[in-house]
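> There's a structure below that I have some questions on.
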Amino acid sequence: MFTTSRILAASLLATLASALPTTLPKLSKDQALNVVRQATGGTVYTSCSAPNTVAITFDDGPYIYNADIVNTLGQFGAKATFFVNGNNYQCIYSEDNEQRLKNAYGAGHQIASHTWAHLDWTTLSNDQLMSEMTRTDEALTKILGVKPAFVRPPYGSYNAASQEVASQNGQSIVIWDFDSGDSVGASAQQSETDYQNIANQQPSSILTLNHETYETTAHEVLPFALNTLQAKGYQFVTVAECLGGMEPYLTVGQPQARDDTWNC
């Protein structure tokens, strides 16, 4: 059965193909997919499109509270999305972080990119930004066997130039429409109040921003948010699902064996 994203991709490819000269050679499957990725990459999503969904997202990991977060999500039957860095709070290649990523991925959560060192995209050259993206992609390909289709800019900061780099890398940009405030000093009580308020407003969908590096987010705010939003009838899905069933990964393969390249 075709997913919505595959149908849209096929439609887009057909449109692109119709605009090409008839003398061009036929594209292989991989070449055709690259055309679609290049055309759709760089799109910016600030909200979900699937009604009655909540995409719970976490930035800045993997970190020490990851397993607790995954366990809590499991208790609610919830899926979430983790936007991970390569070398921010910890090195992504550590054995602990390898296991955290494999645990979250194996539980059905989406793993996406937050780029390598949590640098503001708008301060980087195109080559520097591409390196920030591809180093994270390479790490996730080694650890999980996947290249993410989605990337989130640190601080939510991007411009036209960085959007073009994301497009060249085949990735779509994800922001948010609800911020728990944990990274800017909000107390657990303040974050819970904000979650209660958004739940009471009952928007069609919610794309949240949280950070897995805060103990109170993992152990206090998350259970409260899940319980509160579930009581309003929302479904907890990944970002790819909340966007109508898009593919979460550009490539999917097998994890690689650890070697001396697994370092930051």
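So you can find residues: chains in the structure tokens are A, B, ... in the order shown, residues in each start at 1, and ligands are numbered from 1 in order.
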Can you pull out the residues contacting stretch 134-139 of chain A? Cut-off 7 Å, using only C-alpha atoms, and skip same-chain residues under 3 positions away; I want them as a ChimeraX atom specification.
/A:85-86,113,115-116,130-131,142-143,147-148
> Let me see the file: selected residues, N, CA, C and O atoms, as a JSON list (two decimals), in the first residue's frame.

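Written file, selection_7.json:
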[["chain", "number", "residue", "atom", "x", "y", "z"],
["A", 85, "ASN", "N", 22.10, 15.25, 18.70],
["A", 85, "ASN", "CA", 23.37, 15.87, 18.32],
["A", 85, "ASN", "C", 24.47, 14.82, 18.25],
["A", 85, "ASN", "O", 24.36, 13.74, 18.85],
["A", 86, "GLY", "N", 25.55, 15.17, 17.56],
["A", 86, "GLY", "CA", 26.70, 14.28, 17.53],
["A", 86, "GLY", "C", 27.62, 14.48, 18.72],
["A", 86, "GLY", "O", 28.10, 13.51, 19.31],
["A", 113, "SER", "N", 17.87, 14.37, 13.13],
["A", 113, "SER", "CA", 19.13, 15.08, 13.34],
["A", 113, "SER", "C", 18.92, 16.46, 13.96],
["A", 113, "SER", "O", 17.99, 17.18, 13.59],
["A", 115, "THR", "N", 21.92, 18.10, 14.21],
["A", 115, "THR", "CA", 23.27, 18.40, 13.73],
["A", 115, "THR", "C", 24.33, 18.18, 14.82],
["A", 115, "THR", "O", 24.02, 17.81, 15.94],
["A", 116, "TRP", "N", 25.58, 18.35, 14.45],
["A", 116, "TRP", "CA", 26.69, 17.79, 15.23],
["A", 116, "TRP", "C", 26.91, 18.47, 16.59],
["A", 116, "TRP", "O", 26.80, 17.84, 17.63],
["A", 130, "MET", "N", 27.10, 21.97, 6.14],
["A", 130, "MET", "CA", 27.00, 20.64, 5.55],
["A", 130, "MET", "C", 27.77, 19.61, 6.37],
["A", 130, "MET", "O", 27.31, 18.48, 6.57],
["A", 131, "SER", "N", 28.92, 20.01, 6.88],
["A", 131, "SER", "CA", 29.70, 19.11, 7.74],
["A", 131, "SER", "C", 28.94, 18.79, 9.03],
["A", 131, "SER", "O", 28.92, 17.63, 9.48],
["A", 142, "LYS", "N", 26.06, 4.64, 11.02],
["A", 142, "LYS", "CA", 26.90, 3.63, 11.65],
["A", 142, "LYS", "C", 26.18, 2.93, 12.79],
["A", 142, "LYS", "O", 26.21, 1.70, 12.91],
["A", 143, "ILE", "N", 25.52, 3.72, 13.65],
["A", 143, "ILE", "CA", 24.93, 3.17, 14.87],
["A", 143, "ILE", "C", 23.61, 2.45, 14.60],
["A", 143, "ILE", "O", 23.36, 1.36, 15.13],
["A", 147, "LYS", "N", 19.73, 7.08, 7.69],
["A", 147, "LYS", "CA", 19.97, 8.50, 7.51],
["A", 147, "LYS", "C", 18.65, 9.22, 7.68],
["A", 147, "LYS", "O", 17.69, 8.95, 6.95],
["A", 148, "PRO", "N", 18.54, 10.14, 8.64],
["A", 148, "PRO", "CA", 17.26, 10.81, 8.90],
["A", 148, "PRO", "C", 16.80, 11.67, 7.73],
["A", 148, "PRO", "O", 17.60, 12.29, 7.03]]
> As a compact mmCIF listing (two decimals) with C-alpha atoms, in the first residue's frame, please: every residue in stretch 39-123 of chain A that DSSP puts in alpha helix (DSSP H).

# COMPACT_ATOMS: atom_id res chain seq x y z
CA ALA A 39 13.24 18.74 -4.73
CA THR A 40 11.48 18.18 -1.40
CA ASN A 66 16.76 8.80 27.50
CA ALA A 67 15.87 5.32 28.77
CA ASP A 68 13.52 6.77 31.39
CA ILE A 69 11.80 8.83 28.70
CA VAL A 70 11.41 5.80 26.45
CA ASN A 71 9.96 3.79 29.34
CA THR A 72 7.44 6.51 30.20
CA LEU A 73 6.39 6.85 26.56
CA GLY A 74 5.86 3.10 26.46
CA GLN A 75 3.55 3.23 29.47
CA GLU A 95 28.73 2.81 24.22
CA ASP A 96 26.01 4.18 26.50
CA ASN A 97 24.66 6.47 23.80
CA GLU A 98 24.83 3.72 21.21
CA GLN A 99 22.56 1.64 23.44
CA ARG A 100 20.24 4.58 24.15
CA LEU A 101 19.76 5.21 20.44
CA LYS A 102 19.22 1.55 19.66
CA ASN A 103 16.73 1.26 22.52
CA ALA A 104 14.70 4.27 21.36
CA TYR A 105 14.84 3.25 17.70
CA GLY A 106 13.94 -0.34 18.54
> Please report, as an MDAnalysis selection string, each residue of stretch 25-221 of chain A to which DSSP assigns strand (DSSP E) when run on this structure's backbone.
chainID A and resid 44:45 53:61 80:84 110:113 146:148 150:151 172:174 178:179 205:211
> Store the residues of this selection in a file with N, CA and C atoms, as a tab-separated table (two decimals), in the first residue's frame.

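And here is the file that came out, selection-v1.tsv:
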chain	number	residue	atom	x	y	z
A	44	VAL	N	10.26	23.52	5.28
A	44	VAL	CA	10.20	23.82	6.71
A	44	VAL	C	8.80	23.49	7.23
A	45	TYR	N	8.75	22.65	8.26
A	45	TYR	CA	7.49	22.29	8.91
A	45	TYR	C	7.47	22.89	10.31
A	53	THR	N	-3.44	14.76	16.46
A	53	THR	CA	-2.14	14.18	16.79
A	53	THR	C	-1.28	15.14	17.60
A	54	VAL	N	-0.43	14.56	18.40
A	54	VAL	CA	0.62	15.30	19.12
A	54	VAL	C	1.94	14.63	18.81
A	55	ALA	N	2.90	15.42	18.33
A	55	ALA	CA	4.26	14.94	18.13
A	55	ALA	C	5.11	15.46	19.29
A	56	ILE	N	5.44	14.56	20.21
A	56	ILE	CA	6.33	14.90	21.32
A	56	ILE	C	7.75	14.78	20.81
A	57	THR	N	8.53	15.86	20.87
A	57	THR	CA	9.91	15.80	20.39
A	57	THR	C	10.87	16.21	21.49
A	58	PHE	N	12.07	15.64	21.41
A	58	PHE	CA	13.13	15.91	22.38
A	58	PHE	C	14.41	16.28	21.64
A	59	ASP	N	15.04	17.36	22.07
A	59	ASP	CA	16.30	17.80	21.48
A	59	ASP	C	17.48	17.50	22.40
A	60	ASP	N	18.68	17.60	21.82
A	60	ASP	CA	19.98	17.69	22.52
A	60	ASP	C	20.54	16.38	23.04
A	61	GLY	N	19.84	15.26	22.85
A	61	GLY	CA	20.39	13.98	23.29
A	61	GLY	C	21.36	13.41	22.27
A	80	ALA	N	7.46	9.02	19.96
A	80	ALA	CA	8.04	10.36	19.99
A	80	ALA	C	9.17	10.45	18.98
A	81	THR	N	9.75	11.63	18.87
A	81	THR	CA	10.86	11.87	17.96
A	81	THR	C	12.02	12.49	18.72
A	82	PHE	N	13.20	11.94	18.53
A	82	PHE	CA	14.41	12.43	19.19
A	82	PHE	C	15.32	13.08	18.16
A	83	PHE	N	15.53	14.40	18.31
A	83	PHE	CA	16.47	15.14	17.47
A	83	PHE	C	17.81	15.16	18.19
A	84	VAL	N	18.76	14.39	17.68
A	84	VAL	CA	20.00	14.16	18.42
A	84	VAL	C	21.18	14.91	17.82
A	110	GLN	N	11.09	7.78	16.41
A	110	GLN	CA	11.82	8.32	15.28
A	110	GLN	C	13.09	9.00	15.75
A	111	ILE	N	14.18	8.75	15.04
A	111	ILE	CA	15.44	9.41	15.33
A	111	ILE	C	15.72	10.40	14.21
A	112	ALA	N	15.93	11.65	14.56
A	112	ALA	CA	16.17	12.71	13.59
A	112	ALA	C	17.44	13.47	13.98
A	113	SER	N	17.87	14.37	13.13
A	113	SER	CA	19.13	15.08	13.34
A	113	SER	C	18.92	16.46	13.96
A	146	VAL	N	20.58	4.11	9.59
A	146	VAL	CA	19.62	5.01	8.94
A	146	VAL	C	20.20	6.41	8.75
A	147	LYS	N	19.73	7.08	7.69
A	147	LYS	CA	19.97	8.50	7.51
A	147	LYS	C	18.65	9.22	7.68
A	148	PRO	N	18.54	10.14	8.64
A	148	PRO	CA	17.26	10.81	8.90
A	148	PRO	C	16.80	11.67	7.73
A	150	PHE	N	14.70	14.12	8.46
A	150	PHE	CA	14.32	15.38	9.10
A	150	PHE	C	15.46	15.91	9.96
A	151	VAL	N	15.58	17.21	10.01
A	151	VAL	CA	16.62	17.87	10.79
A	151	VAL	C	16.01	19.08	11.48
A	172	SER	N	14.33	17.65	5.33
A	172	SER	CA	13.33	18.68	5.64
A	172	SER	C	13.57	19.21	7.05
A	173	ILE	N	13.24	20.46	7.26
A	173	ILE	CA	13.48	21.15	8.54
A	173	ILE	C	12.22	21.11	9.38
A	174	VAL	N	12.38	20.80	10.67
A	174	VAL	CA	11.24	20.73	11.59
A	174	VAL	C	11.46	21.74	12.72
A	178	PHE	N	4.75	24.47	19.87
A	178	PHE	CA	4.59	24.54	21.32
A	178	PHE	C	5.94	24.26	21.97
A	179	ASP	N	6.37	25.18	22.84
A	179	ASP	CA	7.65	25.05	23.54
A	179	ASP	C	7.39	24.87	25.03
A	205	SER	N	-3.77	19.89	16.21
A	205	SER	CA	-2.56	19.11	16.41
A	205	SER	C	-1.55	19.95	17.18
A	206	ILE	N	-0.53	19.29	17.73
A	206	ILE	CA	0.49	19.98	18.50
A	206	ILE	C	1.84	19.37	18.16
A	207	LEU	N	2.82	20.23	17.87
A	207	LEU	CA	4.19	19.79	17.62
A	207	LEU	C	5.05	20.41	18.72
A	208	THR	N	5.45	19.57	19.68
A	208	THR	CA	6.06	20.09	20.90
A	208	THR	C	7.59	20.12	20.84
A	209	LEU	N	8.16	20.99	21.64
A	209	LEU	CA	9.61	21.05	21.84
A	209	LEU	C	9.92	20.80	23.31
A	210	ASN	N	10.73	19.78	23.55
A	210	ASN	CA	11.24	19.46	24.88
A	210	ASN	C	12.71	19.09	24.74
A	211	HIS	N	13.39	18.96	25.86
A	211	HIS	CA	14.81	18.59	25.84
A	211	HIS	C	15.05	17.42	26.80
> Can you measure atom CA of A:Arg152 to atom CA of A:Trp176 for me? One decimal in Å is fine.
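According to the coordinates, atom CA of A:Arg152 and atom CA of A:Trp176 are separated by 9.4 Å.
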> List the neighbours of stretch 160-163 of chain A out to 12 Å using only C-alpha atoms; skip same-chain residues closer than 3 positions along the sequence, and give me the result as a PyMOL selection string.
chain A and resi 38+40-45+120-130+132-133+151-154+156-157+166-174
> Taking 6 positions as the minimum chain separation for residues in the same chain, which residues sit within 6 Å of stretch 188-200 of chain A when counting only C-alpha atoms? Answer as JSON, numbers by chain.
{"A": [180, 221, 225, 229]}
> Return the single residue from A:Gln202, A:Asn87, A:Gly145, A:Leu119 that is closest to A:Tyr234, with distances computed using only C-alpha atoms.
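Among the listed residues, A:Gln202 lies closest to A:Tyr234.
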